[in-house]
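Engineer: To start, I am sharing the structure in question, which I have written as structure tokens.
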Amino acid sequence: MTVNMGPQHPSTHGVLRLVLELDGETVVSVSPTIGFLHTGIEKTAEQKKWQQVIPLVERMDYLGPQSNSLAFCLSAERLLGLEVPQRVKDIRVLIAELQRLSSHLVWFGTHTMEIGAITGMLYAFREREILMNLNEHLAGFRFFPSYIRVGGLREDIPRGWLEAVRAFLDRLPGKLDEYETLITKNPIWLDRTRGVGVISLEDCYQWGLYGPIARAAGGDYDVRRAFPYMGYETYDFDVIGASNGDVYDRYLVRMAEMRESVKICRQALERIPPIGEWAVNDRRITPPPKDEVYTEMEALIQHFLIYSQGFTVPAGDAYVPVEGPRGEHGCYVVSDGSNRPWRVHMRSPGLMACQALHKFIVGGMIADVIAVIGSLDVVMGDVDR
């Protein structure tokens with residue numbers, strides 16, 4: 001029997017269509033169909049000035065928006081030859097890890113709900129709401145802050161934000177204990193996840209799967225360790241791994257990753273002085289201070305040029321990967337020397353997971369398809385772009 005699952009199915013994490021061929025309850029073959037959410041963001045980026053691209057790329061992987069903007073900004077800064085101040089690096093690390101926590105909380109809530117643990121979703125979204133409030137406090141926007149910019153940050157961190165982050169980090173570990181008490185040894189959860197959706201480490205690498213999926217299969221590749229950026233080599237954290245490569249181990253890896261993110265956030269908080277630089281001191285990229293704009297003609301002209309024409313980036317190409325919530329999330333940019341990128345392309349971890357779906361579900365039961373998709377944590381905005 002051939003069955004369509006999606007694109008309206010609520011458990012496909014977006015508009016993903018799977019054409020499943022079944023022999024009774026067993027999946028014989030699967031053909032994923034993507035593109036229902038295609039927005040043309042990568043093409044649209046070619047018509048925008050460099051800073052204007054940031055709100056676009058954040059809407060690709062909409063659960064990890066600041067990982068997108070960080071990868072894009074790092075690529076543009078490599079072409080510009082910019083080295084941002086250390087305070088900016090530490091703030092970016094803090095923001096990226098808070099974003100990882102936010103994304104993993106959505107994964108935990110939706111994944112557990114789809115397998116039947118409704119309470120898990122209510123618990124996780126309770127903590128995620130605090131992270132949304134932190135985004136609003138930081139930049140005025142809850143979902144897409146657009147706070148990371150080429151050359152630094154949009155503005156300095158607001159008063160009281162670091163204290164609010166510290167209060168959240170004090171709260172979260174106890175809540176993670178609650179989650180694990182609820183789920184980790186639950187017999188129904190164990191039956192639905194152990195031995196389901198198994199993949200080998202070799203197959204992960206053959207299909208371009210990294211991040212929690214590969215680490216749950218025995219891998220130890222983490223971009224933060226393999227190709228350090230933003231000073232991650234100076235932070236103390238563990239790369240979490242497992243060995244079975246099934247849905248349950250992917251759950252364990254992400255739960256442990258949240259604890260490591262809390263550890264990194266605490267270290268970043270200790271490093272960030274309340275007052276200091278928030279962007280490079282380069283007038284080609286960063287607008288002059290407002291007091292100079294109001295009193296000096298040269299500053300007024302430079303302010304006008306940056307906001308009307310943008311800045312130019314030397315011709316060339318660059319690819320900088322970051323460790324996003326779903327794995328290696330890289331941005332490849334090509335510049336022709338103008339004030340707009342010639343090409344912007346994102347490496348999408350979700351696309352890699354969708355193309356390898358057959359490795360996870362063929363030979364398994366149709367009821368396990370939902371558990372597998374949830375464990376892969378695909379975001380269709382990231383897949384379709």
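For the structure tokens, the naming scheme is as follows: chains receive sequential letters (A, B, ...) according to their order of presentation, residues are indexed from 1 within each chain, and ligands are indexed from 1 in presentation order.
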As a PyMOL selection string, which residues of segment 59-213 of chain A does DSSP assign to helix (DSSP H, G or I)?
Structural biologist: chain A and resi 65-80+86-115+118-139+161-183+187-193+201-206+211-213
Engineer: Nearest to Pro145 of chain A among A:Ile115, A:Ala242, A:Ala256, A:Ile54, with distances taken over only C-alpha atoms: which residue is it?
Structural biologist: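 Closest residue, counting only C-alpha atoms: A:Ile54.
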Engineer: Of the candidates A:Leu63, A:Cys354, A:Leu80, A:Ile41, which one gets nearest to Phe311 of chain A if we count only C-alpha atoms?
Structural biologist: A:Leu80
Engineer: Which residues in segment 24-229 of chain A does DSSP call strand (DSSP E)? List them as number ranges by chain.
Structural biologist: A: 26-33, 148-149, 152-153
Engineer: Applying 12 Å and only C-alpha atoms, which residues near Arg78 of chain A remain after dropping the ones on its own chain fewer than 3 positions away? List them as JSON, numbers by chain.
Structural biologist: {"A": [71, 72, 73, 74, 75, 81, 82, 83, 84, 150, 151, 229, 313, 314, 315, 316, 317, 318, 319, 320, 321, 331, 332, 333, 334, 335]}
Engineer: Let's have the selection written as an mmCIF file, in the first residue's frame, with C-alpha atoms.
Structural biologist:
data_model
loop_
_atom_site.group_PDB
_atom_site.id
_atom_site.type_symbol
_atom_site.label_atom_id
_atom_site.label_comp_id
_atom_site.auth_asym_id
_atom_site.auth_seq_id
_atom_site.Cartn_x
_atom_site.Cartn_y
_atom_site.Cartn_z
ATOM 1 C CA ALA A 71 27.442 32.092 10.400
ATOM 2 C CA PHE A 72 26.649 34.795 7.838
ATOM 3 C CA CYS A 73 28.393 37.547 9.807
ATOM 4 C CA LEU A 74 31.502 35.421 10.394
ATOM 5 C CA SER A 75 31.753 34.720 6.652
ATOM 6 C CA GLY A 81 39.418 40.913 7.395
ATOM 7 C CA LEU A 82 37.687 42.096 10.558
ATOM 8 C CA GLU A 83 38.540 40.939 14.073
ATOM 9 C CA VAL A 84 35.735 41.873 16.468
ATOM 10 C CA VAL A 150 28.518 42.315 10.537
ATOM 11 C CA GLY A 151 31.252 43.931 12.599
ATOM 12 C CA TYR A 229 35.308 30.281 16.325
ATOM 13 C CA VAL A 313 33.093 43.803 0.830
ATOM 14 C CA PRO A 314 36.258 42.781 -1.039
ATOM 15 C CA ALA A 315 35.758 40.304 -3.866
ATOM 16 C CA GLY A 316 36.178 36.678 -2.894
ATOM 17 C CA ASP A 317 34.359 33.837 -1.207
ATOM 18 C CA ALA A 318 34.277 32.447 2.313
ATOM 19 C CA TYR A 319 32.642 29.573 4.156
ATOM 20 C CA VAL A 320 32.473 29.596 7.958
ATOM 21 C CA PRO A 321 30.705 26.756 9.784
ATOM 22 C CA CYS A 331 27.235 29.955 5.413
ATOM 23 C CA TYR A 332 28.980 30.280 2.047
ATOM 24 C CA VAL A 333 29.118 33.827 0.709
ATOM 25 C CA VAL A 334 30.562 35.167 -2.531
ATOM 26 C CA SER A 335 31.335 38.851 -2.995
#
Engineer: Please list as a CSV table (one decimal) with C-alpha atoms, in the first residue's frame every residue within 12 Å of Gln52 of chain A, counting only C-alpha atoms and excluding residues in the same chain fewer than 4 positions away.
Structural biologist:
chain,number,residue,atom,x,y,z
A,41,ILE,CA,15.6,33.7,0.7
A,44,THR,CA,16.5,37.5,-2.3
A,45,ALA,CA,19.7,38.1,-0.3
A,46,GLU,CA,21.5,38.9,-3.6
A,47,GLN,CA,19.3,42.1,-3.9
A,48,LYS,CA,20.0,43.3,-0.4
A,56,LEU,CA,16.5,37.1,5.9
A,57,VAL,CA,18.9,34.3,6.9
A,58,GLU,CA,17.4,34.3,10.4
A,69,SER,CA,23.1,35.3,11.4
A,72,PHE,CA,26.6,34.8,7.8
A,73,CYS,CA,28.4,37.5,9.8
A,146,SER,CA,18.6,40.4,14.3
A,148,ILE,CA,24.2,40.0,15.6
A,149,ARG,CA,25.5,42.3,12.9
A,150,VAL,CA,28.5,42.3,10.5
A,306,ILE,CA,26.4,53.6,5.7
A,307,TYR,CA,22.6,53.7,6.0
A,308,SER,CA,21.9,54.6,2.4
A,309,GLN,CA,24.6,52.7,0.4
A,310,GLY,CA,25.9,50.2,2.9
A,311,PHE,CA,29.5,49.1,2.8
A,339,ASN,CA,27.7,46.5,-1.5
A,340,ARG,CA,25.6,43.4,-2.0
A,341,PRO,CA,26.5,39.7,-1.8
Engineer: Between A:Gly327, A:Gly231, A:Gly363, A:Gly140, which one has atoms that come closest to Arg92 of chain A, using only C-alpha atoms?
Structural biologist: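 Among the listed residues, A:Gly231 lies closest to Arg92 of chain A.
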Engineer: Extract, using only C-alpha atoms, all DNA, RNA and protein residues at most 9 Å from segment 268-276 of chain A, discarding same-chain residues fewer than 4 positions from it, and format them as JSON, numbers by chain.
Structural biologist: {"A": [86, 87, 88, 90, 91, 93, 94, 156, 157, 159, 162, 165, 166, 235, 263, 264]}
Engineer: Rounded to one decimal place, report the atom CA of Pro85 of chain A-atom CA of Asn281 of chain A distance in Å.
Structural biologist: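 Taking atom CA of Pro85 of chain A and atom CA of Asn281 of chain A, their separation equals 9.0 Å.
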Engineer: When you look at Thr234 of chain A with a cut-off of 10 Å (counting only C-alpha atoms), what residues show up, excluding the ones that are within fewer than 4 positions of it in the same chain? I need them as a short mmCIF file (atom, residue, chain, number, x, y, z; two decimals) with N, CA and C atoms, in the first residue's frame.
Structural biologist:
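Dumped everything to selection_22.cif:
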data_model
loop_
_atom_site.label_atom_id
_atom_site.label_comp_id
_atom_site.auth_asym_id
_atom_site.auth_seq_id
_atom_site.Cartn_x
_atom_site.Cartn_y
_atom_site.Cartn_z
N PRO A 228 37.41 25.93 15.82
CA PRO A 228 36.92 26.89 16.82
C PRO A 228 36.68 28.28 16.24
N MET A 230 34.89 32.29 17.59
CA MET A 230 34.45 33.11 18.72
C MET A 230 35.13 32.74 20.03
N GLN A 267 30.20 30.52 31.90
CA GLN A 267 31.56 31.00 31.67
C GLN A 267 31.55 32.32 30.91
#
Engineer: Write out as a PyMOL selection string the residues lying within 12 Å of Gly218 of chain A, counting only C-alpha atoms and excluding same-chain residues fewer than 5 positions away.
Structural biologist: chain A and resi 198-205+210-213+239-246+249-250+253
Engineer: Go ahead and save the residues from that selection, with C-alpha atoms, as a PDB file, in the first residue's frame.
Structural biologist:
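again_2.pdb written:
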ATOM      1  CA  VAL A 198      19.109   3.187  14.201  1.00  0.00           C
ATOM      2  CA  ILE A 199      21.893   4.563  11.975  1.00  0.00           C
ATOM      3  CA  SER A 200      25.617   3.839  11.982  1.00  0.00           C
ATOM      4  CA  LEU A 201      28.305   6.483  12.308  1.00  0.00           C
ATOM      5  CA  GLU A 202      29.641   5.576   8.850  1.00  0.00           C
ATOM      6  CA  ASP A 203      26.205   6.172   7.311  1.00  0.00           C
ATOM      7  CA  CYS A 204      25.947   9.492   9.177  1.00  0.00           C
ATOM      8  CA  TYR A 205      29.152  10.739   7.605  1.00  0.00           C
ATOM      9  CA  TYR A 210      26.662  15.756  11.913  1.00  0.00           C
ATOM     10  CA  GLY A 211      25.658  17.307  15.208  1.00  0.00           C
ATOM     11  CA  PRO A 212      23.547  15.351  17.722  1.00  0.00           C
ATOM     12  CA  ILE A 213      22.585  12.712  15.129  1.00  0.00           C
ATOM     13  CA  VAL A 239      31.317  17.040  23.491  1.00  0.00           C
ATOM     14  CA  ILE A 240      28.478  14.694  24.382  1.00  0.00           C
ATOM     15  CA  GLY A 241      28.267  11.352  22.594  1.00  0.00           C
ATOM     16  CA  ALA A 242      26.508   7.995  22.725  1.00  0.00           C
ATOM     17  CA  SER A 243      26.869   4.742  20.790  1.00  0.00           C
ATOM     18  CA  ASN A 244      23.585   3.159  19.695  1.00  0.00           C
ATOM     19  CA  GLY A 245      22.488   5.732  17.118  1.00  0.00           C
ATOM     20  CA  ASP A 246      18.790   5.272  17.893  1.00  0.00           C
ATOM     21  CA  ASP A 249      20.381   8.065  22.267  1.00  0.00           C
ATOM     22  CA  ARG A 250      19.608  11.170  20.225  1.00  0.00           C
ATOM     23  CA  VAL A 253      22.632  13.563  23.649  1.00  0.00           C
TER      24      VAL A 253
END
Engineer: Give me, please, the distance in Å between atom CA of Val262 of chain A and atom CA of Ala164 of chain A, quoted to one decimal.
Structural biologist: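 Rounded to one decimal, the two atoms are 13.9 Å apart.
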Engineer: So how many Å separate atom CA of Ala214 of chain A and atom CA of Ile34 of chain A, to one decimal?
Structural biologist: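 If I compute the distance from atom CA of Ala214 of chain A to atom CA of Ile34 of chain A, I get 22.8 Å.
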Engineer: Calculated over only C-alpha atoms, which of the candidates A:Arg100, A:Arg192, A:Lys359, A:Arg154 has the smallest distance to Thr112 of chain A?
Structural biologist: A:Arg192
Engineer: Rank nothing, just name the residue among A:Val369, A:Ala353, A:Met380, A:Met255 nearest to Met5 of chain A, using only C-alpha atoms.
Structural biologist: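 Smallest distance to Met5 of chain A is found for A:Val369.
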Engineer: May I have a table of the residues of segment 95-151 of chain A lying at most 10 Å from segment 12-21 of chain A, giving each one's closest pair of atoms and their distance in Å to one decimal, counting only C-alpha atoms, ordered by chain and ascending residue number, as a tab-separated table?
Structural biologist:
residue	atom	partner	partner_atom	distance
A:Trp107	CA	A:His13	CA	9.8
A:Thr110	CA	A:His13	CA	8.7
A:His111	CA	A:His13	CA	9.6
A:Glu114	CA	A:Thr12	CA	9.8
Engineer: Take the residues just selected and output them with C-alpha atoms as a PDB file, in the first residue's frame.
Structural biologist:
ATOM      1  CA  TRP A 107      12.637  19.899  20.130  1.00  0.00           C
ATOM      2  CA  THR A 110       7.356  18.672  20.311  1.00  0.00           C
ATOM      3  CA  HIS A 111       9.214  15.332  20.261  1.00  0.00           C
ATOM      4  CA  GLU A 114       4.295  13.459  19.332  1.00  0.00           C
TER       5      GLU A 114
END
